[in-house]
Each structure stands twice: as structure tokens, then as C-alpha cells.
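A.B. asks: Below is the file protein.pdb, with PDB, C-alpha atoms.
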ATOM      1  CA  MET A   1     -16.443  11.553  63.708
ATOM      2  CA  PHE A   2     -15.848   9.215  60.730
ATOM      3  CA  ALA A   3     -15.014  12.180  58.498
ATOM      4  CA  ARG A   4     -12.454  13.436  61.030
ATOM      5  CA  LEU A   5     -10.784   9.989  61.250
ATOM      6  CA  LEU A   6     -10.716   9.761  57.454
ATOM      7  CA  ALA A   7      -9.132  13.231  57.239
ATOM      8  CA  LEU A   8      -6.513  12.345  59.879
ATOM      9  CA  SER A   9      -5.636   9.019  58.261
ATOM     10  CA  CYS A  10      -5.331  10.691  54.866
ATOM     11  CA  ALA A  11      -3.159  13.429  56.346
ATOM     12  CA  ALA A  12      -0.864  10.768  57.763
ATOM     13  CA  GLY A  13      -0.890   8.374  54.810
ATOM     14  CA  CYS A  14      -1.503  10.572  51.778
ATOM     15  CA  GLN A  15       1.786  12.437  52.020
ATOM     16  CA  GLY A  16       4.154  11.744  49.161
ATOM     17  CA  ASN A  17       6.726   9.111  49.982
ATOM     18  CA  PRO A  18       9.951  10.004  48.140
ATOM     19  CA  GLN A  19      11.037   6.357  47.956
ATOM     20  CA  ALA A  20       7.664   5.283  46.574
ATOM     21  CA  SER A  21       7.767   8.101  44.005
ATOM     22  CA  ALA A  22      11.234   7.083  42.848
ATOM     23  CA  SER A  23      10.177   3.455  42.485
ATOM     24  CA  GLN A  24       7.091   4.506  40.513
ATOM     25  CA  GLN A  25       9.129   6.369  37.891
ATOM     26  CA  PRO A  26       8.452   4.946  34.435
ATOM     27  CA  LEU A  27      10.868   2.311  33.247
ATOM     28  CA  PRO A  28      13.149   3.333  30.403
ATOM     29  CA  PRO A  29      11.836   2.473  26.924
ATOM     30  CA  ASP A  30      12.840  -0.932  25.663
ATOM     31  CA  ILE A  31      12.923   0.054  21.965
ATOM     32  CA  VAL A  32      14.675   3.309  21.033
ATOM     33  CA  VAL A  33      15.506   4.939  17.690
ATOM     34  CA  ARG A  34      18.245   7.602  17.916
ATOM     35  CA  ASP A  35      19.690   9.949  15.331
ATOM     36  CA  ASP A  36      23.408  10.074  14.552
ATOM     37  CA  LYS A  37      23.911  12.580  17.410
ATOM     38  CA  GLY A  38      22.288  10.236  19.958
ATOM     39  CA  THR A  39      19.015  12.180  20.274
ATOM     40  CA  SER A  40      15.931  10.006  20.723
ATOM     41  CA  LEU A  41      13.639  10.112  17.675
ATOM     42  CA  ALA A  42      11.161   7.434  18.754
ATOM     43  CA  GLU A  43      10.626   5.214  21.787
ATOM     44  CA  ILE A  44       8.402   2.280  22.681
ATOM     45  CA  HIS A  45       7.529   0.756  26.028
ATOM     46  CA  SER A  46       6.284  -2.593  24.784
ATOM     47  CA  GLY A  47       4.027  -3.565  27.671
ATOM     48  CA  HIS A  48       0.265  -3.785  27.504
ATOM     49  CA  PRO A  49      -0.799  -1.104  26.837
ATOM     50  CA  CYS A  50       1.994  -0.099  24.487
ATOM     51  CA  ARG A  51       3.389   3.392  25.078
ATOM     52  CA  ALA A  52       5.065   5.135  22.147
ATOM     53  CA  THR A  53       6.682   8.551  21.823
ATOM     54  CA  ILE A  54       7.795  10.429  18.725
ATOM     55  CA  GLY A  55       8.961  13.971  19.347
ATOM     56  CA  PRO A  56       6.435  15.716  21.598
ATOM     57  CA  VAL A  57       3.637  13.233  20.758
ATOM     58  CA  GLU A  58       3.037  10.332  23.132
ATOM     59  CA  LEU A  59       0.376   7.665  22.693
ATOM     60  CA  ILE A  60      -0.749   5.016  25.114
ATOM     61  CA  ILE A  61      -2.195   2.359  22.835
ATOM     62  CA  GLY A  62      -4.446  -0.446  23.967
ATOM     63  CA  GLY A  63      -5.837  -3.302  21.986
ATOM     64  CA  PRO A  64      -6.518  -5.153  19.928
ATOM     65  CA  PRO A  65      -8.556  -3.492  18.528
ATOM     66  CA  LEU A  66      -6.208  -0.525  18.667
ATOM     67  CA  VAL A  67      -7.342   2.534  20.580
ATOM     68  CA  ALA A  68      -5.514   5.703  21.682
ATOM     69  CA  GLN A  69      -6.380   9.260  22.650
ATOM     70  CA  VAL A  70      -4.405  12.435  21.860
ATOM     71  CA  GLY A  71      -6.102  15.419  23.460
ATOM     72  CA  ASN A  72      -9.603  15.421  21.955
ATOM     73  CA  GLU A  73      -8.630  13.124  19.076
ATOM     74  CA  ARG A  74      -9.433   9.429  19.331
ATOM     75  CA  TRP A  75      -7.350   7.099  17.179
ATOM     76  CA  THR A  76      -8.481   3.556  16.396
ATOM     77  CA  GLY A  77      -7.265   0.604  14.390
ATOM     78  CA  ASP A  78      -9.808  -1.829  12.981
ATOM     79  CA  THR A  79      -8.337  -5.054  11.646
ATOM     80  CA  GLY A  80      -9.900  -6.960   8.767
ATOM     81  CA  GLU A  81      -8.789  -9.264   5.953
ATOM     82  CA  ASN A  82      -7.157  -6.335   4.138
ATOM     83  CA  GLY A  83      -5.080  -5.199   7.126
ATOM     84  CA  THR A  84      -5.648  -2.616   9.846
ATOM     85  CA  THR A  85      -7.384   0.647   9.010
ATOM     86  CA  LEU A  86      -6.114   3.480  11.201
ATOM     87  CA  SER A  87      -8.628   6.250  11.846
ATOM     88  CA  ARG A  88      -8.643   9.593  13.604
ATOM     89  CA  GLY A  89     -12.222   9.987  14.800
ATOM     90  CA  VAL A  90     -14.379   9.045  11.818
ATOM     91  CA  ASP A  91     -11.671   9.893   9.259
ATOM     92  CA  LYS A  92      -9.744   6.948   7.820
ATOM     93  CA  ILE A  93      -6.087   7.952   7.656
ATOM     94  CA  ALA A  94      -4.118   4.876   6.537
ATOM     95  CA  ARG A  95      -4.206   1.106   6.175
ATOM     96  CA  VAL A  96      -1.377  -1.206   7.259
ATOM     97  CA  PHE A  97      -1.082  -4.559   5.447
ATOM     98  CA  PRO A  98      -0.089  -7.222   6.294
ATOM     99  CA  ILE A  99       0.087  -6.734  10.040
ATOM    100  CA  ASP A 100       1.989  -9.806  11.157
ATOM    101  CA  ASP A 101       4.387 -10.663   8.331
ATOM    102  CA  PRO A 102       8.052 -10.537   9.439
ATOM    103  CA  THR A 103       9.222  -9.920   5.853
ATOM    104  CA  GLN A 104       7.041  -7.089   4.578
ATOM    105  CA  VAL A 105       4.521  -4.347   5.257
ATOM    106  CA  SER A 106       2.840  -1.578   3.298
ATOM    107  CA  VAL A 107       1.190   1.559   4.626
ATOM    108  CA  LEU A 108      -1.497   2.648   2.172
ATOM    109  CA  ASP A 109      -3.461   5.871   1.864
ATOM    110  CA  ASN A 110      -7.247   6.038   1.413
ATOM    111  CA  ASP A 111      -6.888   5.436  -2.333
ATOM    112  CA  GLY A 112      -4.934   2.226  -1.744
ATOM    113  CA  ILE A 113      -1.624   3.766  -2.834
ATOM    114  CA  ALA A 114       1.380   2.645  -0.810
ATOM    115  CA  THR A 115       2.887   5.583   1.037
ATOM    116  CA  LEU A 116       5.574   3.273   2.355
ATOM    117  CA  ARG A 117       6.682  -0.296   1.571
ATOM    118  CA  VAL A 118       9.108  -2.406   3.566
ATOM    119  CA  LYS A 119      10.639  -5.650   2.278
ATOM    120  CA  VAL A 120      13.017  -7.760   4.372
ATOM    121  CA  SER A 121      15.610 -10.118   2.943
ATOM    122  CA  GLY A 122      18.153 -11.744   5.236
ATOM    123  CA  GLY A 123      19.381  -9.205   7.765
ATOM    124  CA  ASP A 124      18.442  -6.196   5.615
ATOM    125  CA  ALA A 125      15.255  -4.281   4.840
ATOM    126  CA  THR A 126      14.513  -1.981   1.935
ATOM    127  CA  VAL A 127      12.144   0.926   2.536
ATOM    128  CA  SER A 128      10.597   2.393  -0.618
ATOM    129  CA  ASN A 129       7.872   4.826  -1.642
ATOM    130  CA  ALA A 130       4.776   4.368  -3.831
ATOM    131  CA  GLY A 131       6.874   4.678  -6.993
ATOM    132  CA  GLY A 132       9.196   1.901  -5.863
ATOM    133  CA  GLN A 133      12.058   4.327  -5.236
ATOM    134  CA  MET A 134      14.370   3.171  -2.465
ATOM    135  CA  LEU A 135      14.293   5.613   0.440
ATOM    136  CA  ARG A 136      16.704   3.779   2.740
ATOM    137  CA  HIS A 137      18.083   0.407   3.740
ATOM    138  CA  LEU A 138      18.089  -1.001   7.243
ATOM    139  CA  HIS A 139      20.872  -3.359   8.321
ATOM    140  CA  THR A 140      21.272  -5.458  11.430
ATOM    141  CA  LYS A 141      24.761  -5.076  12.872
ATOM    142  CA  VAL A 142      26.591  -7.931  14.580
ATOM    143  CA  SER A 143      25.992  -6.143  17.902
ATOM    144  CA  GLY A 144      22.226  -6.390  17.273
ATOM    145  CA  GLU A 145      21.618  -2.706  16.558
ATOM    146  CA  ILE A 146      19.630  -1.816  13.462
ATOM    147  CA  VAL A 147      21.133   1.042  11.449
ATOM    148  CA  SER A 148      19.916   2.976   8.422
ATOM    149  CA  ASP A 149      21.735   3.651   5.192
ATOM    150  CA  PRO A 150      22.041   6.513   4.520
ATOM    151  CA  ALA A 151      23.198   6.844   8.121
ATOM    152  CA  ALA A 152      20.408   8.716   9.874
ATOM    153  CA  PHE A 153      19.507   6.555  12.867
ATOM    154  CA  THR A 154      20.277   3.535  15.042
ATOM    155  CA  ALA A 155      17.625   1.384  16.733
ATOM    156  CA  THR A 156      18.125  -0.767  19.808
ATOM    157  CA  GLY A 157      15.920  -3.151  21.760
ATOM    158  CA  THR A 158      14.442  -5.074  18.837
ATOM    159  CA  LYS A 159      15.408  -7.427  16.020
ATOM    160  CA  ASP A 160      12.249  -6.656  14.013
ATOM    161  CA  LEU A 161      13.327  -4.714  10.913
ATOM    162  CA  VAL A 162       9.708  -4.044   9.910
ATOM    163  CA  LEU A 163       8.955  -2.584  13.341
ATOM    164  CA  VAL A 164      11.979  -0.251  13.112
ATOM    165  CA  ALA A 165      11.073   0.750   9.538
ATOM    166  CA  LEU A 166       7.569   1.743  10.662
ATOM    167  CA  LEU A 167       8.693   3.532  13.797
ATOM    168  CA  SER A 168      11.397   5.537  11.995
ATOM    169  CA  ALA A 169       9.510   6.529   8.819
ATOM    170  CA  PRO A 170       9.382  10.353   8.561
ATOM    171  CA  GLU A 171       7.084   9.914   5.523
ATOM    172  CA  LEU A 172       4.259   8.917   7.891
ATOM    173  CA  GLN A 173       2.631  11.088  10.523
ATOM    174  CA  PRO A 174       3.747  10.241  14.076
ATOM    175  CA  GLU A 175       0.410   8.774  15.189
ATOM    176  CA  VAL A 176       0.335   6.366  12.228
ATOM    177  CA  ARG A 177       3.919   5.304  12.949
ATOM    178  CA  MET A 178       3.204   4.706  16.636
ATOM    179  CA  LEU A 179      -0.079   2.844  16.049
ATOM    180  CA  ALA A 180       1.458   0.605  13.367
ATOM    181  CA  ALA A 181       4.546  -0.123  15.501
ATOM    182  CA  CYS A 182       2.529  -0.796  18.661
ATOM    183  CA  GLU A 183       0.197  -3.081  16.719
ATOM    184  CA  ARG A 184       3.189  -5.283  15.888
ATOM    185  CA  VAL A 185       4.210  -5.256  19.548
ATOM    186  CA  LEU A 186       0.696  -5.976  20.860
ATOM    187  CA  VAL A 187      -0.427  -8.527  18.260
ATOM    188  CA  LYS A 188       2.844 -10.264  17.446
ATOM    189  CA  GLY A 189       4.678  -9.761  20.669
ATOM    190  CA  SER A 190       7.410  -8.446  18.374
ATOM    191  CA  LYS A 191      10.657  -7.256  19.908
TER
END
So that I can check it, write out the structure of this file as C-alpha cells.

C.D. replies:
Amino acid sequence: MFARLLALSCAAGCQGNPQASASQQPLPPDIVVRDDKGTSLAEIHSGHPCRATIGPVELIIGGPPLVAQVGNERWTGDTGENGTTLSRGVDKIARVFPIDDPTQVSVLDNDGIATLRVKVSGGDATVSNAGGQMLRHLHTKVSGEIVSDPAAFTATGTKDLVLVALLSAPELQPEVRMLAACERVLVKGSK
């Protein structure tokens, strides 16, 4: 008898409610990087956990310590005195240092060579490679948008130049970009 009542109550209450489904739709991302045609390149939902998307790759990142899953691959971020080491399974992929400085960050490979460096001065950031060659500048416009020079993208929803530099860096693989950006959001509360 109990099983029949449970089945009847589920049949009555388990039907999809269109209004409930509409209200449960994910909120739009609060940080978005778009190319010059308006196409989204990267997005962050800065809640806890942090949800980041770059192209077809989406990560839901919890922490600290950082943890995310992509299919069968587990990504982690272990923070120590020398920054946060990002790993895919047991393989160390990159190290981000420092993690909470509003004026600079470096993403280093396993040999300690900077794949990417970001330095902020005033309302501008310079993004450079391991050889110190400038890759691009980021500027904060009066309207609050962050734009790149050369003109390749515009970012909205944040004032953190370092966060935008990490999120928009094509030199880094998407998972590293998303983990590093979400770490700033989760640890610093950066926006």
C-alpha cells in the first residue's frame, strides 16, 4: 500500500513544472570576456563553487583547495608558500604565483619558467611572455570595461585586471586559465 501511495504522490508531484524550470535556469555569468565581434570567449559565475567556461570546456571549481572534474580528469590546486600548483591527476601542469596580489601574477611551467607574466600599473596591465616580450596591454575604460590592445577582446563584470589577463590568455590551456581565475574569485573575492 505504501509503495502505491508513493507512486501516486510522485506521479502527481514529480511532473515538471514549467514555471519552476524557468526559475531554475542558471543565472547569466557575471564576468564575461568577448571578442571584437561580441562572441563570448570566457565566462565566470563567481559564486561558490565558481563556474567557468572557455569554449566548449566548463569547470565547476570548489575550494580552497581547488578541485574540479572534467570527464575522467581531476584537476586540483594545492597552495603553498610558492603559489598554487595546478595538477591534472598526478601530473603537475603549472604554478600560479602570487595568488592574491592585485598588481602582478606569473604562471610558471614545471621548470619554473614563466609562461605568462602580468604586471599592473595604474589602470593598465602588461601581459608578457617568458622572454619579457609584451603580448598585449589591458586598459580599463571610463565605462568600467577592460579592453585589450591590440584590440581582441572586452571584459565586463570585473575591475580586476589580473583576473581578466588570466581568463583571456590564449597562451595557457583553458583549464589552467579557469582554475587560476576562479582561485582569485574564491580566495580573494575578486570581482

A.B. asks: Using all atoms listed in the file, which residues of stretch 151-187 of chain A come within 12 Å of stretch 98-101 of chain A, and what is the closest atom pair for each, with the distance in Å to one decimal? Give it as a Markdown table, sorted by chain and residue number.

C.D. replies:
| residue | atom | partner | partner_atom | distance |
| --- | --- | --- | --- | --- |
| A:Asp160 | CA | A:Asp101 | CA | 10.5 |
| A:Leu161 | CA | A:Asp101 | CA | 11.0 |
| A:Val162 | CA | A:Asp101 | CA | 8.6 |
| A:Leu163 | CA | A:Asp100 | CA | 10.3 |
| A:Leu166 | CA | A:Ile99 | CA | 11.3 |
| A:Leu179 | CA | A:Ile99 | CA | 11.3 |
| A:Ala180 | CA | A:Ile99 | CA | 8.2 |
| A:Ala181 | CA | A:Ile99 | CA | 9.7 |
| A:Cys182 | CA | A:Ile99 | CA | 10.7 |
| A:Glu183 | CA | A:Ile99 | CA | 7.6 |
| A:Arg184 | CA | A:Asp100 | CA | 6.7 |
| A:Val185 | CA | A:Asp100 | CA | 9.8 |
| A:Leu186 | CA | A:Asp100 | CA | 10.5 |
| A:Val187 | CA | A:Asp100 | CA | 7.6 |

A.B. asks: Any chance you could resolve the PyMOL selection byres ((chain A and resi 158) around 7) against this file and give the residues as number ranges by chain?

C.D. replies: A: 31, 156-157, 159-160, 191

A.B. asks: Do a neighbour search on A:Gly89 at 7 Å with only C-alpha atoms, toss out local chain neighbours closer than 4 positions, and write the hits as a list of chain:residue names.

C.D. replies: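 So the residues in contact are A:Glu73, A:Arg74, A:Trp75.
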
A.B. asks: Apply the PyMOL selection byres ((chain A and resi 96) around 9) to the file shown and report the selected residues as a PyMOL selection string.

C.D. replies: chain A and resi 82-86+94-95+97-99+105-108+180

A.B. asks: Would you output that residue set with C-alpha atoms, as a PDB file, keeping the file's coordinate frame?

C.D. replies:
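Listing of again.pdb after writing:
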ATOM      1  CA  ASN A  82      -7.157  -6.335   4.138  1.00  0.00           C
ATOM      2  CA  GLY A  83      -5.080  -5.199   7.126  1.00  0.00           C
ATOM      3  CA  THR A  84      -5.648  -2.616   9.846  1.00  0.00           C
ATOM      4  CA  THR A  85      -7.384   0.647   9.010  1.00  0.00           C
ATOM      5  CA  LEU A  86      -6.114   3.480  11.201  1.00  0.00           C
ATOM      6  CA  ALA A  94      -4.118   4.876   6.537  1.00  0.00           C
ATOM      7  CA  ARG A  95      -4.206   1.106   6.175  1.00  0.00           C
ATOM      8  CA  PHE A  97      -1.082  -4.559   5.447  1.00  0.00           C
ATOM      9  CA  PRO A  98      -0.089  -7.222   6.294  1.00  0.00           C
ATOM     10  CA  ILE A  99       0.087  -6.734  10.040  1.00  0.00           C
ATOM     11  CA  VAL A 105       4.521  -4.347   5.257  1.00  0.00           C
ATOM     12  CA  SER A 106       2.840  -1.578   3.298  1.00  0.00           C
ATOM     13  CA  VAL A 107       1.190   1.559   4.626  1.00  0.00           C
ATOM     14  CA  LEU A 108      -1.497   2.648   2.172  1.00  0.00           C
ATOM     15  CA  ALA A 180       1.458   0.605  13.367  1.00  0.00           C
TER      16      ALA A 180
END

A.B. asks: Using the chain letters and numbers from the file, which residues does the PyMOL selection byres ((chain A and resi 103) around 7) grab, as number ranges by chain?

C.D. replies: A: 101-102, 104, 119-120
